[in-house]
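Encoded as structure tokens, the structure appears first; notes follow it.
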2 protein chains.
Amino acid sequence: MRRYGIMPDKNNQRKITIYDIAKEAGVSPSTVSRVLTKNANVRPEKKERIEALIKKYNFKPNVLAKGLSDTRSKLIGILTADIRNPFYAAVCVACESAAIAGGYRILLCNSFGEKEREMELLDTLTHQQVDAIIQIGGRVDDVITDFDYAKKAKQIAASTPIVTNGKIDSVPCYRVTIDAYAAATLLLEHLLSLKREKIALVGGRLDVISTYEKYVTYRNILKQHGIAFKKEYVVEGRYDHDAGYDGIKKLLALKERPNAIVAINDFSAAGVVRGITEAGLRIPEDIAVVSYDNTYITDLLVPKLTSIDYDYQTFGKKLVDTAIAASLKKSVPTLQTVTPHLVVRGSSNGKK
Amino acid sequence: MRRYGIMPDKNNQRKITIYDIAKEAGVSPSTVSRVLTKNANVRPEKKERIEALIKKYNFKPNVLAKGLSDTRSKLIGILTADIRNPFYAAVCVACESAAIAGGYRILLCNSFGEKEREMELLDTLTHQQVDAIIQIGGRVDDVITDFDYAKKAKQIAASTPIVTNGKIDSVPCYRVTIDAYAAATLLLEHLLSLKREKIALVGGRLDVISTYEKYVTYRNILKQHGIAFKKEYVVEGRYDHDAGYDGIKKLLALKERPNAIVAINDFSAAGVVRGITEAGLRIPEDIAVVSYDNTYITDLLVPKLTSIDYDYQTFGKKLVDTAIAASLKKSVPTLQTVTPHLVVRGSSNGKK
DNA sequence: GTGAAAGCGCTAACAA
DNA sequence: TTGTTAGCGCTTTCAC
């Protein structure tokens, strides 16, 4: 009773649909749909005819219609703090690869750490009918989840699975976390093996869960090695270049300077490197510098930076696979872990 | 004849639709739709009642259904070379802001410079029903557009507008380009004003259009100032750290060393800085270093880097506004330009 | 100003 | 194995 008669638009050739394919193949639309979805038997000869036409027209089903019909959009929303941060960029790229491999697409949003925007985006993604949401960074990093945020997340999670590298208190979500204890241990044992015992921590806030875990590990390891904890060796701050720069300045002003710095990420390590260089000191001879994330920033600094890598490819795949499985209501572990690795470069061992 | 009887899923509370709103407001679904789309008159009292319910349930229409119905997805596809490159990240973030402001979402894809993948993604985005495609980097950078790519782009452009910062030969698309001549001029005049006349170019390939334009400007400006062109002062390469590092090594080996380097982007500038630093030379006293893009990398290097900024906010807005306008078949200029600005830092003026 | 009804392109339950 | 039909949730004529 419908199905176009004439070309609706003389310029834009009308997009072809399964009805067109069906008609030309002399079958019903459902048969075409069957070969498209692969989960039903179709007589081989018809199947071939249909597949030939699909190829001929380079036909791909309209995703909106498909999504509306089977209530699955094949879209995964990624809510990140700021894609310009190379850590998030690395995770996103890894997620995209995994998503495409699984026939999914990525809808990307940045919260810029603004709580209101973050909650709004959660809504937006849901209304966009994403099948699942992957949230990396933002409120999910809080040691104690913000109340309003938890409320909104709970509401969303009731219909759309949320996967995160952090956590959301009292909200059922899927977690794929980096083992921060292991990461911190790798860095500290590395420094200790180089006979550096005056180790300082620069950057990061202790109300961020991964930072807190690293801090706890730091204290434990010092204790294990019988090294006294000095609170002036812990300089909290943001996660950017200036945090590192400001932090190292404070440390250099101490009577007893540290001989090794653990920066909270490569960004702040850049600031640390600048501060040390400007002070006319040598890295690593006078002070070794190491950090977390192993982004490409490690290659830009002089000397190159020792850092902790997370195998982003695997990390992204776990996030996406979990998101997809959860959206399909398959059973998936609610907590998975990513193992960190140490990558040694010139900033701690003297080679470049 | 349809419209759910019971809860279809006991856990997931069913998403509410305009039918629910209509029923509770005692009006027809079309009336609800009218207040949603704002382009029809509805009696104020009904309107208020409906709006109250929309608010009460935090209702937002299902985007898939809406897109299917009015054949507009409110999605803009961004096809970028690699989001991990801070230049692309900056553009994407700016685009996202502009898109959200206009009620659109971003579908992000990375081509990683692979031609096949790039063409596939063009297809993918179209089948995803994006209203327009913004392509930044990739084949659109070619001085002479790849033949296969042009063919595919032409096919896509017939139904979905393509906006790019580059160009696609013989394919009607919208261009928002950076004025590379102006950018190169700013950098060169800056160096010349500092009495640096032995200027070398590092990184980038001359078959990339923006790089080629910068090269041409370089030759013109030298000529204007009566400075002889030396071909050994032009070291082509990729766009990464190593391109800069390899490039500066060659230049430092020359009998007559340059006293200023124009790197093709901040990335390669990082390699240049490393090379100079390792050689025990000072920046900018011995050699000044400047580059293009003004990404945050400029802040990480020691000394900080003089670079060319593009006002990413405006750039992104122009790209997105053009994409939206074109998808609405409004008339938009097919060629727009973004004006570059010089940001001077320690790598060329001695202050940090 | 408003409701009924058809249609966007696809899937899936039901018959045959 | 295959076709018919209803339905996904929304917009948009077309009458009234």
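Identifiers in the structure tokens: chain A, B, ... in order shown; residue index from 1 per chain; ligand index from 1 in order shown.
The list of residues with at least one atom within 10 Å of A:Ala157, based on only C-alpha atoms (C1' of nucleotides) and without residues fewer than 5 positions apart in the same chain, reads A:Leu122, A:Thr126, A:Ala132, A:Ile133, A:Lys151, A:Lys152, A:Ile162, A:Val163, A:Val171, A:Pro172, A:Cys173, B:Asn12.
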*asked:* Give me, as an NGL selection string, the residues of stretch 138-306 of chain B that a backbone DSSP run labels alpha helix (DSSP H).
replied: :B and (147-157 or 180-193 or 209-224 or 241-252 or 266-278 or 297-300)
Contact table chain A vs chain C, cut-off 7 Å, shortest pair per residue, only C-alpha atoms (C1' of nucleotides), as a Markdown table:
| residue | atom | partner | partner_atom | distance |
| --- | --- | --- | --- | --- |
| A:Thr17 | CA | C:DG9 | C1' | 6.8 |
| A:Asn62 | CA | C:DG9 | C1' | 6.5 |
| A:Ala65 | CA | C:DG9 | C1' | 4.9 |
| A:Lys66 | CA | C:DC10 | C1' | 4.8 |
| A:Ser69 | CA | C:DT11 | C1' | 5.8 |
| A:Asp70 | CA | C:DT11 | C1' | 6.2 |
_Within 12 Å of B:Arg49 using only C-alpha atoms (C1' of nucleotides), minus same-chain residues under 4 positions, as a PyMOL selection string_ = chain B and resi 21-27+31-32+35+42-45+53-56
Please extract the residues of stretch 87-175 of chain B with a backbone DSSP assignment of strand (DSSP E or B) and present them as an mmCIF file with C-alpha atoms, in the first residue's frame.
data_model
loop_
_atom_site.group_PDB
_atom_site.id
_atom_site.type_symbol
_atom_site.label_atom_id
_atom_site.label_comp_id
_atom_site.auth_asym_id
_atom_site.auth_seq_id
_atom_site.Cartn_x
_atom_site.Cartn_y
_atom_site.Cartn_z
ATOM 1 C CA ARG B 105 25.694 14.021 18.249
ATOM 2 C CA ILE B 106 29.056 12.884 16.983
ATOM 3 C CA LEU B 107 29.849 9.480 15.553
ATOM 4 C CA LEU B 108 33.605 9.116 15.614
ATOM 5 C CA CYS B 109 35.766 6.978 13.343
ATOM 6 C CA ASN B 110 39.518 6.717 12.836
ATOM 7 C CA ALA B 132 26.617 14.762 7.223
ATOM 8 C CA ILE B 133 30.228 13.662 7.313
ATOM 9 C CA ILE B 134 33.138 15.759 8.493
ATOM 10 C CA GLN B 135 36.424 14.409 7.308
ATOM 11 C CA ILE B 136 39.614 15.733 8.854
ATOM 12 C CA ASP B 142 46.425 14.631 -0.867
ATOM 13 C CA ILE B 162 30.902 15.907 3.103
ATOM 14 C CA VAL B 163 32.732 18.709 4.887
ATOM 15 C CA THR B 164 36.497 18.663 5.032
ATOM 16 C CA TYR B 174 32.300 21.721 1.507
ATOM 17 C CA ARG B 175 35.702 22.962 2.513
#
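In this comparison, which uses only C-alpha atoms, the residue of B:Ser348, B:Gln128, B:Asn220, B:Ser97 approaching A:Lys74 most closely is B:Gln128.
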_Nearby residues (only C-alpha atoms (C1' of nucleotides)) at most 9 Å from B:Arg72, same-chain spacing under 5 positions excluded, as a ChimeraX atom specification_ = /B:66-67,129-131,327
Could you write out the selected residues, including N, CA and C atoms, as an mmCIF file, in the first residue's frame?
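Printed below is out11.cif as written:
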data_model
loop_
_atom_site.group_PDB
_atom_site.id
_atom_site.type_symbol
_atom_site.label_atom_id
_atom_site.label_comp_id
_atom_site.auth_asym_id
_atom_site.auth_seq_id
_atom_site.Cartn_x
_atom_site.Cartn_y
_atom_site.Cartn_z
ATOM 1 N N LYS B 66 12.419 8.747 15.539
ATOM 2 C CA LYS B 66 12.350 10.076 14.954
ATOM 3 C C LYS B 66 13.151 10.128 13.654
ATOM 4 N N GLY B 67 14.340 9.582 13.702
ATOM 5 C CA GLY B 67 15.196 9.587 12.528
ATOM 6 C C GLY B 67 14.579 8.797 11.387
ATOM 7 N N GLN B 129 23.218 6.363 8.660
ATOM 8 C CA GLN B 129 22.268 7.459 8.421
ATOM 9 C C GLN B 129 22.718 8.794 8.980
ATOM 10 N N VAL B 130 24.032 9.004 9.085
ATOM 11 C CA VAL B 130 24.465 10.315 9.551
ATOM 12 C C VAL B 130 23.958 11.388 8.589
ATOM 13 N N ASP B 131 23.685 12.550 9.137
ATOM 14 C CA ASP B 131 23.161 13.640 8.307
ATOM 15 C C ASP B 131 24.256 14.288 7.474
ATOM 16 N N SER B 327 23.249 19.641 5.321
ATOM 17 C CA SER B 327 22.321 18.515 5.431
ATOM 18 C C SER B 327 20.878 18.985 5.347
#
_Distance filter 9 Å, only C-alpha atoms, chain A against chain B, as a PyMOL selection string_ = chain A and resi 11-15+59-65+67-68+73+82-90+92-93+96-97+105-110+123-124+127-129+158-160+241+267+270-271+273-274+277-278+296-297+299-303
